Every structure is written in C-alpha cells, then in structure tokens.
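Novice: You'll find structure-v4.cif just under this line, and it carries mmCIF, C-alpha atoms.
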```
data_data
#
loop_
_atom_site.label_atom_id
_atom_site.label_comp_id
_atom_site.auth_asym_id
_atom_site.auth_seq_id
_atom_site.Cartn_x
_atom_site.Cartn_y
_atom_site.Cartn_z
CA MET A 6 15.95 7.06 -33.99
CA THR A 7 19.70 7.20 -33.54
CA HIS A 8 20.90 5.14 -30.61
CA ALA A 9 23.74 6.11 -28.35
CA ALA A 10 26.96 4.16 -28.61
CA ALA A 11 27.24 1.19 -26.31
CA ALA A 12 28.64 2.04 -22.91
CA PRO A 13 32.00 0.67 -21.91
CA ALA A 14 31.74 -2.22 -19.45
CA THR A 15 33.15 -0.12 -16.62
CA GLY A 16 30.41 2.46 -17.01
CA GLU A 17 27.36 0.21 -17.12
CA LEU A 18 24.84 0.38 -14.35
CA ALA A 19 24.64 -2.87 -12.45
CA THR A 20 21.54 -4.92 -13.21
CA GLN A 21 18.89 -5.36 -10.55
CA GLY A 22 19.70 -9.08 -10.41
CA ARG A 23 23.40 -8.48 -9.83
CA ARG A 24 22.58 -5.89 -7.15
CA PHE A 25 20.20 -8.32 -5.44
CA ALA A 26 22.84 -11.06 -5.56
CA GLY A 27 25.34 -8.66 -3.96
CA PHE A 28 22.88 -7.86 -1.19
CA ILE A 29 22.21 -11.56 -0.53
CA LEU A 30 25.96 -12.28 -0.53
CA ASP A 31 26.53 -9.49 1.99
CA VAL A 32 23.77 -10.87 4.24
CA LEU A 33 25.09 -14.44 4.01
CA LEU A 34 28.69 -13.34 4.61
CA SER A 35 27.53 -11.31 7.61
CA ILE A 36 25.76 -14.33 9.06
CA PHE A 37 28.59 -16.81 8.43
CA THR A 38 31.27 -14.48 9.76
CA LEU A 39 29.15 -13.35 12.72
CA ILE A 40 29.23 -9.82 11.30
CA ILE A 41 32.81 -9.34 12.53
CA GLY A 42 34.45 -10.90 9.47
CA TRP A 43 32.18 -8.96 7.11
CA LEU A 44 32.93 -5.72 8.96
CA ILE A 45 36.71 -6.25 8.83
CA TRP A 46 36.53 -7.13 5.12
CA PHE A 47 34.32 -4.09 4.50
CA LEU A 48 36.70 -1.75 6.36
CA ILE A 49 39.56 -2.97 4.16
CA ILE A 50 37.75 -2.47 0.80
CA ALA A 51 35.31 0.38 1.50
CA GLY A 52 37.70 2.92 -0.01
CA ARG A 53 37.31 1.12 -3.34
CA GLY A 54 33.54 1.72 -3.32
CA GLN A 55 32.74 -1.87 -2.43
CA THR A 56 31.25 -4.19 0.16
CA PRO A 57 32.37 -7.84 0.35
CA GLY A 58 29.38 -8.93 -1.77
CA LYS A 59 30.02 -6.18 -4.31
CA GLN A 60 33.70 -7.12 -4.52
CA ILE A 61 32.86 -10.75 -5.32
CA LEU A 62 30.41 -9.65 -8.04
CA LYS A 63 32.72 -6.91 -9.40
CA LEU A 64 30.39 -4.04 -8.50
CA ARG A 65 31.39 -0.58 -7.34
CA VAL A 66 29.57 2.38 -5.89
CA VAL A 67 30.20 5.70 -7.64
CA ARG A 68 28.78 9.12 -6.96
CA GLU A 69 26.52 10.71 -9.55
CA ASP A 70 29.34 13.12 -10.45
CA GLY A 71 31.36 10.12 -11.66
CA GLN A 72 33.80 9.85 -8.76
CA LEU A 73 34.34 6.57 -6.96
CA ALA A 74 32.53 6.52 -3.60
CA SER A 75 35.17 7.22 -0.98
CA TYR A 76 35.70 5.46 2.31
CA GLY A 77 33.52 8.05 4.06
CA TRP A 78 30.70 7.73 1.52
CA MET A 79 30.71 3.95 1.90
CA LEU A 80 30.65 4.16 5.71
CA LEU A 81 27.74 6.58 5.49
CA ARG A 82 25.90 4.44 2.93
CA GLU A 83 26.40 1.00 4.45
CA ILE A 84 26.70 1.65 8.17
CA ALA A 85 24.85 4.87 8.91
CA ILE A 86 21.99 4.74 6.43
CA LYS A 87 21.36 1.04 5.88
CA SER A 88 22.25 -0.45 9.24
CA ILE A 89 21.73 2.20 11.88
CA ALA A 90 18.77 4.06 10.36
CA PHE A 91 16.78 0.91 9.67
CA GLY A 92 17.89 -0.67 12.96
CA LEU A 93 16.54 2.36 14.83
CA LEU A 94 13.35 2.24 12.79
CA THR A 95 12.85 -1.42 13.67
CA TYR A 96 13.63 -0.81 17.34
CA ASN A 97 11.24 2.14 17.54
CA LEU A 98 8.42 0.26 15.82
CA ASP A 99 8.89 -2.74 18.13
CA ALA A 100 9.06 -0.52 21.19
CA SER A 101 6.07 1.66 20.31
CA VAL A 102 3.75 -0.97 18.89
CA SER A 103 4.56 -4.46 20.03
CA GLY A 104 4.89 -6.95 17.18
CA LEU A 105 5.00 -4.41 14.34
CA GLY A 106 8.69 -4.80 13.58
CA TRP A 107 7.65 -6.46 10.34
CA ILE A 108 6.63 -3.00 9.11
CA ALA A 109 10.27 -1.94 9.34
CA VAL A 110 11.29 -5.04 7.41
CA PHE A 111 8.71 -4.14 4.73
CA LEU A 112 9.99 -0.54 4.60
CA PHE A 113 13.59 -1.73 4.28
CA ALA A 114 12.59 -4.11 1.48
CA ALA A 115 10.73 -1.30 -0.32
CA CYS A 116 13.80 0.96 -0.07
CA ALA A 117 16.07 -1.85 -1.31
CA LEU A 118 13.74 -2.85 -4.14
CA TRP A 119 13.37 0.74 -5.35
CA CYS A 120 16.13 -0.04 -7.88
CA VAL A 121 13.78 -2.47 -9.67
CA TRP A 122 11.60 0.30 -11.12
CA ASP A 123 13.98 3.27 -10.93
CA ALA A 124 15.38 4.45 -14.28
CA ASN A 125 18.93 4.67 -12.83
CA ARG A 126 18.53 1.48 -10.78
CA GLN A 127 19.01 3.38 -7.53
CA CYS A 128 17.76 2.15 -4.17
CA LEU A 129 16.47 4.88 -1.85
CA TRP A 130 19.80 5.12 -0.04
CA ASP A 131 21.46 5.66 -3.43
CA LYS A 132 19.02 8.46 -4.14
CA ALA A 133 19.65 10.02 -0.71
CA LEU A 134 23.44 9.91 -1.17
CA ARG A 135 23.41 10.47 -4.94
CA THR A 136 25.27 7.24 -5.72
CA LEU A 137 25.05 4.63 -8.46
CA VAL A 138 26.16 1.00 -8.49
CA VAL A 139 28.13 0.02 -11.59
CA PHE A 140 29.47 -3.25 -12.97
CA ASP A 141 33.26 -3.05 -13.20
CA PRO A 142 34.42 -6.48 -14.45
CA ALA A 143 37.88 -5.31 -15.51
CA GLY A 144 38.54 -3.47 -12.26
CA ALA A 145 39.12 -0.25 -14.19
CA LEU A 146 37.83 1.85 -11.31
CA ALA A 147 40.00 0.11 -8.69
CA GLY A 148 42.74 2.72 -8.57
CA ALA A 149 40.66 5.59 -9.84
CA SER A 150 41.56 8.86 -8.29
CA GLY A 151 39.47 11.70 -9.50
CA ALA A 152 36.71 11.16 -12.01
CA ALA A 153 35.70 7.67 -12.99
CA PRO A 154 34.61 6.81 -16.52
CA ALA A 155 31.23 8.27 -17.38
CA VAL A 156 28.37 6.18 -16.08
CA ARG A 157 25.66 5.52 -18.64
CA THR A 158 22.15 5.94 -17.33
CA GLU A 159 18.83 6.10 -19.11
CA ALA A 160 18.88 9.86 -18.48
CA THR A 161 22.28 10.32 -20.14
CA ASP A 162 21.23 8.10 -23.06
CA ALA A 163 18.00 10.07 -23.47
CA ALA A 164 19.86 13.40 -23.36
CA GLU A 165 22.27 12.18 -26.03
CA ASN A 166 19.39 10.89 -28.17
CA LEU A 167 17.56 14.23 -27.83
CA ARG A 168 20.69 16.10 -28.96
CA THR A 169 21.01 13.76 -31.94
CA LEU A 170 17.35 14.28 -32.85
CA ALA A 171 17.78 18.06 -32.69
CA GLU A 172 20.84 17.85 -34.96
CA MET A 173 18.94 15.66 -37.44
CA ARG A 174 16.07 18.16 -37.49
CA ASP A 175 18.49 21.09 -37.96
CA ARG A 176 20.14 19.31 -40.91
CA GLY A 177 16.76 18.68 -42.50
CA LEU A 178 16.88 14.91 -42.02
CA LEU A 179 13.68 14.98 -39.93
CA THR A 180 10.53 17.01 -40.38
CA ASP A 181 9.26 18.97 -37.41
CA ALA A 182 6.46 16.42 -36.96
CA GLU A 183 8.89 13.46 -37.01
CA TYR A 184 11.18 15.27 -34.60
CA GLU A 185 8.35 16.01 -32.17
CA GLU A 186 7.04 12.43 -32.32
CA ARG A 187 10.47 10.93 -31.62
CA ARG A 188 11.19 13.53 -28.97
CA GLN A 189 7.98 12.63 -27.15
CA ARG A 190 8.84 8.91 -27.28
CA GLU A 191 12.26 9.64 -25.83
CA LEU A 192 10.79 11.73 -23.03
CA GLU A 193 8.29 8.99 -22.20
CA ARG A 194 11.18 6.57 -21.66
CA LEU A 195 12.27 8.68 -18.73
#
```
Now that the file is in, can you turn its structure into structure tokens?
Specialist:
Amino acid sequence: MTHAAAAPATGELATQGRRFAGFILDVLLSIFTLIIGWLIWFLIIAGRGQTPGKQILKLRVVREDGQLASYGWMLLREIAIKSIAFGLLTYNLDASVSGLGWIAVFLFAACALWCVWDANRQCLWDKALRTLVVFDPAGALAGASGAAPAVRTEATDAAENLRTLAEMRDRGLLTDAEYEERRQRELERL
C-alpha cells in the first residue's frame, strides 16, 4: 500500500503522552500560582491557541478547519467547558447525593482520556468544539492569521491512501480483488 508523505512537524497531532503532560503541567501551575498566576498567563497567551502547559510543551489548539483556535475558542474550551461545566457537575453531584463527587472526577477523567483511543486524539471537549491539539515545535503557527498548515489525522491519511489505491487500480497496477482487500484494511484503520 502506498503511504502518505510524512506530515510536517507543525501539522502533527500531539501524542497522548504530550497532551497528558500538558494537562499535568497546567494543574501543577494552577496549584503553585494559586490559580491567579495561571489565569493571568492563560489570558496573555490564549489568542495563540495555548494554555501555560501547552506553551511550555510547544502545543497549540487548532480548529478542525485548520485555523488556530482564537482567544474566544480558548476561553470557551478551557474556562467554560472544562472548568465551569465540570465544576457544576461536581457541585450538583455533591449536593444531590452526598459523597458522590468522585463520580464527577471519574467523568472528567473519562472525557480527558478520550484522546487515548480516539483516532484524532481528541478529548470530548475537543470533539464538542471541533478542535485538535497539534505539536508545533518551531512555533510556525504562532503568528498564523487565517488557515494554519494542514493537520494530519488518521482520517486525512486514510482518505489520501484510498485516493492512491483508486488511482493504482485505474492505472491497472492493482487488480479489483487487491484493491478491495487494501481498501477494506484502510477502512478498518478508521
């Protein structure tokens, strides 16, 4: 099977480990700065699609359409969805059923860990807001206005591989049976 060309570093999805490290850094920075320092830092860099932890690890949040997550998207993602929604969930669970706040913690962890098994490494808040977290070691997206470099996902790789397979079949390089077998394998990857 023909493989897609390697993605440029600025367009690679962040690994689950790097995302987890960013989350832990954000939590630790929040604790050590009594949330105030983290919040000030976040308000300064949110327009770059970053949190303090993401900035340290050279990660950025982009929308699925390829644009860098704006200040508003980051406020919605980090403050409204992550903090307030799960804070309210925890409060309501504690208030309605005493001692069951751990259920909210479990739900938050499940939403955060969704990126472990998701093909595009999206947590549930990423799915809700249609965002992706990418590794941007060179800072190529820092001043991006408009569309960012294309983000490579398993879906985009599979689509490219399917197009290549169809071209190979049309040129007579693959039999119909070989094409169908490889096509099925590619679809199973998704």
Novice: With the file shown as input, list the residues that the PyMOL selection byres ((chain A and resi 29) around 12) selects, as a count of residues only.
Specialist: 21
Novice: For atom CA of Ile84 of chain A and atom CA of Ile40 of chain A, determine how far apart the two atoms are, in Å to one decimal place.
Specialist: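 Straight-line distance from atom CA of Ile84 of chain A to atom CA of Ile40 of chain A works out to 12.2 Å.
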Novice: Quick one: pull the distance between atom CA of Cys120 of chain A and atom CA of Gln21 of chain A, Å, one decimal.
Specialist: 6.6 Å
Novice: Can you work out the spacing between atom CA of Phe47 of chain A and atom CA of Trp122 of chain A in Å, to one decimal?
Specialist: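 So the answer is 27.9 Å.
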Novice: Report as a compact mmCIF listing (two decimals) with C-alpha atoms, keeping the file's coordinate frame all protein, DNA and RNA residues lying within 8 Å of Leu64 of chain A, evaluated on all atoms listed in the file, omitting residues in the same chain fewer than 3 positions from it.
Specialist:
```txt
# COMPACT_ATOMS: atom_id res chain seq x y z
CA ALA A 19 24.64 -2.87 -12.45
CA GLN A 55 32.74 -1.87 -2.43
CA LYS A 59 30.02 -6.18 -4.31
CA GLN A 60 33.70 -7.12 -4.52
CA ILE A 61 32.86 -10.75 -5.32
CA VAL A 138 26.16 1.00 -8.49
CA VAL A 139 28.13 0.02 -11.59
CA PHE A 140 29.47 -3.25 -12.97
CA ASP A 141 33.26 -3.05 -13.20
CA PRO A 142 34.42 -6.48 -14.45
```
Novice: With only C-alpha atoms as the atoms that count, which of A:Val121, A:Leu170, A:Leu48, A:Leu80 lies nearest to Ala182 of chain A?
Specialist: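 Comparing A:Val121, A:Leu170, A:Leu48, A:Leu80 against Ala182 of chain A, the winner is A:Leu170.
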Novice: Which polymer residues, protein or nucleic acid, are no farther than 12 Å from (29.7, 1.7, 8.1), counting all atoms listed in the file, as a ChimeraX atom specification?
Specialist: /A:40,43-52,55-56,75-90
Novice: Evaluate the PyMOL selection byres ((chain A and resi 135) around 12) against this structure - the residues, as a list in words, please.
Specialist: Val66, Val67, Arg68, Glu69, Asp70, Gly71, Gln72, Leu73, Ala74, Trp78, Met79, Leu81, Arg82, Asn125, Arg126, Gln127, Cys128, Leu129, Trp130, Asp131, Lys132, Ala133, Leu134, Thr136, Leu137 and Val138 of chain A
Novice: Kindly indicate which residue among A:Thr20, A:Thr180, A:Thr38, A:Gln189 lies nearest to Asp123 of chain A, using all atoms listed in the file for the distances.
Specialist: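 Nearest candidate to Asp123 of chain A out of A:Thr20, A:Thr180, A:Thr38, A:Gln189: A:Thr20.
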